[in-house]
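S.K.: The structure follows.
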Amino acid sequence: MTTLPIAQVVYRKDDWSGPADQCELNYAERFLRRKKLTSVNGKPFLVDLAKTTSLDHGDALALDDGSLVKISAASEALYKVTGPHLVRLAWHVGNRHTPCQINADHLLIQADPVIGHMLEHLGATVSEITAPFTPEGGAYGHGRTHSHEHVATAHEH
């Protein structure tokens, strides 16, 4: 039986540096507690966190073998939302608790035909794209928008 390296510590994107392997995960996959993952270099490892955690693009997992694995946002199916009243459109997206990546001239949301149809009726132009998705964090700067609980990081252990 082969023992996999185990990740039990998360370093937030601004709290680590140095060489690291990489693991690409889409938005849904970056919300986890315990899962076997494989790095882009083919190294399998086990994530075993104390509680379900939202990993952000640029965070790193510390493996018990001393190595780090950087988390990268994988490309996924999204809608690019543009329109003359982008702030109003963003409000409607947020009012539906839909994760949203906010840019100066457009919004990115996960491809959802119901939300897309609603936005078109509000005057938006909705285009299908494939890109990495890094939506705004929750009320405390990271995490899922539906959770307002603070996520423990390596600094708090």
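By order of appearance in the structure tokens: chains A, B, ..., then residues from 1 within every chain, and ligands from 1 in the order shown.
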Counting only C-alpha atoms, which residues in stretch 4-104 of chain A sit no more than 6 Å from stretch 120-138 of chain A? For each one, give the nearest pair of atoms and the distance in Å, sorted by chain then residue number, as a tab-separated table.

M.R.:
```
residue	atom	partner	partner_atom	distance
A:Ala73	CA	A:Pro132	CA	5.2
A:Ala74	CA	A:Pro132	CA	5.0
A:Ser75	CA	A:Pro132	CA	4.0
A:Glu76	CA	A:Thr130	CA	5.2
A:Ala77	CA	A:Thr130	CA	4.7
A:Leu78	CA	A:Ile129	CA	5.3
A:Tyr79	CA	A:Glu128	CA	4.7
A:Lys80	CA	A:Ser127	CA	5.1
A:Val81	CA	A:Val126	CA	4.8
A:Thr82	CA	A:Thr125	CA	5.2
A:Gly83	CA	A:Ala124	CA	4.7
A:Pro99	CA	A:Pro135	CA	5.8
A:Cys100	CA	A:Pro135	CA	4.7
A:Gln101	CA	A:Pro135	CA	3.8
```

S.K.: Taking the chain letters and numbering used in this document, name the residues of stretch 8-115 of chain A that DSSP puts in strand (DSSP E), as a ChimeraX atom specification.

M.R.: /A:8-11,21-25,31-38,44-54,60-63,68-73,75-82,100-102,107-110

S.K.: Using only C-alpha atoms, which residues sit within 6 Å of stretch 28-32 of chain A once same-chain residues fewer than 6 positions away are excluded, as a ChimeraX atom specification?

M.R.: /A:52-55

S.K.: May I have the residues from that selection written out with all heavy atoms, as a PDB file, in the first residue's frame?

M.R.:
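Generated output (out_32.pdb):
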```pdb
ATOM      1  N   THR A  52     -14.793  22.027   5.806  1.00  0.00           N
ATOM      2  CA  THR A  52     -14.945  22.377   4.405  1.00  0.00           C
ATOM      3  C   THR A  52     -14.442  23.802   4.195  1.00  0.00           C
ATOM      4  O   THR A  52     -14.790  24.707   4.946  1.00  0.00           O
ATOM      5  CB  THR A  52     -16.414  22.248   3.973  1.00  0.00           C
ATOM      6  OG1 THR A  52     -16.841  20.906   4.235  1.00  0.00           O
ATOM      7  CG2 THR A  52     -16.585  22.541   2.499  1.00  0.00           C
ATOM      8  N   THR A  53     -13.602  23.962   3.183  1.00  0.00           N
ATOM      9  CA  THR A  53     -12.904  25.228   2.951  1.00  0.00           C
ATOM     10  C   THR A  53     -13.012  25.634   1.491  1.00  0.00           C
ATOM     11  O   THR A  53     -12.953  24.797   0.600  1.00  0.00           O
ATOM     12  CB  THR A  53     -11.410  25.064   3.330  1.00  0.00           C
ATOM     13  OG1 THR A  53     -11.333  24.666   4.704  1.00  0.00           O
ATOM     14  CG2 THR A  53     -10.634  26.342   3.130  1.00  0.00           C
ATOM     15  N   SER A  54     -13.151  26.919   1.261  1.00  0.00           N
ATOM     16  CA  SER A  54     -13.147  27.472  -0.081  1.00  0.00           C
ATOM     17  C   SER A  54     -11.719  27.897  -0.409  1.00  0.00           C
ATOM     18  O   SER A  54     -11.172  28.799   0.226  1.00  0.00           O
ATOM     19  CB  SER A  54     -14.083  28.678  -0.155  1.00  0.00           C
ATOM     20  OG  SER A  54     -14.076  29.213  -1.454  1.00  0.00           O
ATOM     21  N   LEU A  55     -11.119  27.226  -1.385  1.00  0.00           N
ATOM     22  CA  LEU A  55      -9.763  27.567  -1.820  1.00  0.00           C
ATOM     23  C   LEU A  55      -9.855  28.575  -2.955  1.00  0.00           C
ATOM     24  O   LEU A  55     -10.661  28.432  -3.856  1.00  0.00           O
ATOM     25  CB  LEU A  55      -9.026  26.312  -2.289  1.00  0.00           C
ATOM     26  CG  LEU A  55      -8.853  25.213  -1.246  1.00  0.00           C
ATOM     27  CD1 LEU A  55      -8.222  23.977  -1.882  1.00  0.00           C
ATOM     28  CD2 LEU A  55      -8.025  25.707  -0.070  1.00  0.00           C
TER      29      LEU A  55
END
```

S.K.: Can you check which parts of stretch 62-108 of chain A lie within 12 Å of stretch 39-48 of chain A? Per residue, the shortest pair of atoms and distance in Å to one decimal, counting only C-alpha atoms, sorted by chain and number, as CSV.

M.R.:
```
residue,atom,partner,partner_atom,distance
A:Ala62,CA,A:Val47,CA,9.5
A:Leu63,CA,A:Phe45,CA,8.0
A:Asp64,CA,A:Phe45,CA,9.8
A:Asp65,CA,A:Phe45,CA,10.2
A:Ser67,CA,A:Phe45,CA,10.8
A:Leu68,CA,A:Ser39,CA,10.5
A:Val69,CA,A:Ser39,CA,7.4
A:Lys70,CA,A:Ser39,CA,9.0
A:Ile71,CA,A:Ser39,CA,9.3
A:Ser72,CA,A:Val40,CA,10.2
A:Ala74,CA,A:Val40,CA,11.2
```

S.K.: Include all heavy atoms and write out the residues we just selected as a short mmCIF file (atom, residue, chain, number, x, y, z; two decimals), in the first residue's frame.

M.R.:
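Produced file out-v2.cif, reproduced below:
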```
data_model
loop_
_atom_site.label_atom_id
_atom_site.label_comp_id
_atom_site.auth_asym_id
_atom_site.auth_seq_id
_atom_site.Cartn_x
_atom_site.Cartn_y
_atom_site.Cartn_z
N ALA A 62 -0.14 22.93 1.97
CA ALA A 62 1.13 22.41 2.46
C ALA A 62 0.97 20.91 2.69
O ALA A 62 0.11 20.48 3.45
CB ALA A 62 1.51 23.10 3.77
N LEU A 63 1.80 20.12 1.99
CA LEU A 63 1.75 18.67 2.15
C LEU A 63 2.68 18.25 3.27
O LEU A 63 3.69 18.91 3.55
CB LEU A 63 2.16 17.98 0.84
CG LEU A 63 1.36 18.35 -0.41
CD1 LEU A 63 1.79 17.46 -1.58
CD2 LEU A 63 -0.12 18.26 -0.19
N ASP A 64 2.36 17.13 3.91
CA ASP A 64 3.18 16.67 5.03
C ASP A 64 4.55 16.16 4.62
O ASP A 64 5.40 15.89 5.47
CB ASP A 64 2.44 15.63 5.88
CG ASP A 64 2.09 14.35 5.14
OD1 ASP A 64 2.42 14.22 3.94
OD2 ASP A 64 1.47 13.48 5.76
N ASP A 65 4.83 16.11 3.31
CA ASP A 65 6.18 15.75 2.85
C ASP A 65 7.06 17.00 2.68
O ASP A 65 8.17 16.93 2.20
CB ASP A 65 6.13 14.94 1.55
CG ASP A 65 5.61 15.71 0.35
OD1 ASP A 65 5.33 16.93 0.47
OD2 ASP A 65 5.48 15.10 -0.73
N SER A 67 6.33 19.69 0.77
CA SER A 67 6.12 20.41 -0.49
C SER A 67 4.84 21.24 -0.44
O SER A 67 4.00 21.07 0.44
CB SER A 67 6.08 19.43 -1.66
OG SER A 67 4.98 18.56 -1.53
N LEU A 68 4.73 22.15 -1.40
CA LEU A 68 3.55 22.99 -1.54
C LEU A 68 2.88 22.72 -2.88
O LEU A 68 3.56 22.42 -3.86
CB LEU A 68 3.92 24.47 -1.49
CG LEU A 68 4.46 25.02 -0.17
CD1 LEU A 68 4.96 26.45 -0.37
CD2 LEU A 68 3.38 24.98 0.90
N VAL A 69 1.56 22.86 -2.92
CA VAL A 69 0.80 22.75 -4.16
C VAL A 69 -0.05 24.01 -4.28
O VAL A 69 -0.91 24.28 -3.44
CB VAL A 69 -0.10 21.50 -4.18
CG1 VAL A 69 -0.92 21.46 -5.46
CG2 VAL A 69 0.72 20.23 -4.02
N LYS A 70 0.23 24.79 -5.35
CA LYS A 70 -0.52 26.01 -5.62
C LYS A 70 -1.85 25.65 -6.27
O LYS A 70 -1.89 24.83 -7.19
CB LYS A 70 0.27 26.93 -6.54
CG LYS A 70 -0.47 28.19 -6.93
CD LYS A 70 0.33 29.01 -7.93
CE LYS A 70 -0.48 30.20 -8.40
NZ LYS A 70 0.24 30.97 -9.43
N ILE A 71 -2.91 26.29 -5.83
CA ILE A 71 -4.23 26.08 -6.40
C ILE A 71 -4.44 27.10 -7.52
O ILE A 71 -4.23 28.30 -7.31
CB ILE A 71 -5.33 26.22 -5.33
CG1 ILE A 71 -5.13 25.23 -4.19
CG2 ILE A 71 -6.72 26.10 -5.96
CD1 ILE A 71 -5.12 23.77 -4.63
N SER A 72 -4.82 26.62 -8.69
CA SER A 72 -5.10 27.49 -9.84
C SER A 72 -6.52 27.26 -10.31
O SER A 72 -7.01 26.13 -10.31
CB SER A 72 -4.14 27.19 -10.99
OG SER A 72 -2.82 27.50 -10.63
N ALA A 74 -9.21 26.55 -12.79
CA ALA A 74 -9.31 25.90 -14.10
C ALA A 74 -10.37 26.59 -14.95
O ALA A 74 -11.30 27.20 -14.43
CB ALA A 74 -9.67 24.42 -13.92
#
```

S.K.: Find the distance between atom CA of A:Ala7 and atom CA of A:Ala20 and write it in Å to one decimal.

M.R.: 13.2 Å

S.K.: How many Å lie between atom CA of A:Gly94 and atom CA of A:Lys13, rounded to one decimal?

M.R.: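 Between atom CA of A:Gly94 and atom CA of A:Lys13 the gap is 24.6 Å.
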
S.K.: Quick one, how far is atom CA of A:Gly116 from atom CA of A:Leu25?

M.R.: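 We find that atom CA of A:Gly116 and atom CA of A:Leu25 lie 23.7 Å from each other.
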
S.K.: Of the candidates A:Thr38, A:Asp105, A:Arg12, A:Thr98, which shows the shortest atom-to-atom distance to A:Pro84, using only C-alpha atoms?

M.R.: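 Of A:Thr38, A:Asp105, A:Arg12, A:Thr98, the one nearest A:Pro84 is A:Asp105, counting only C-alpha atoms.
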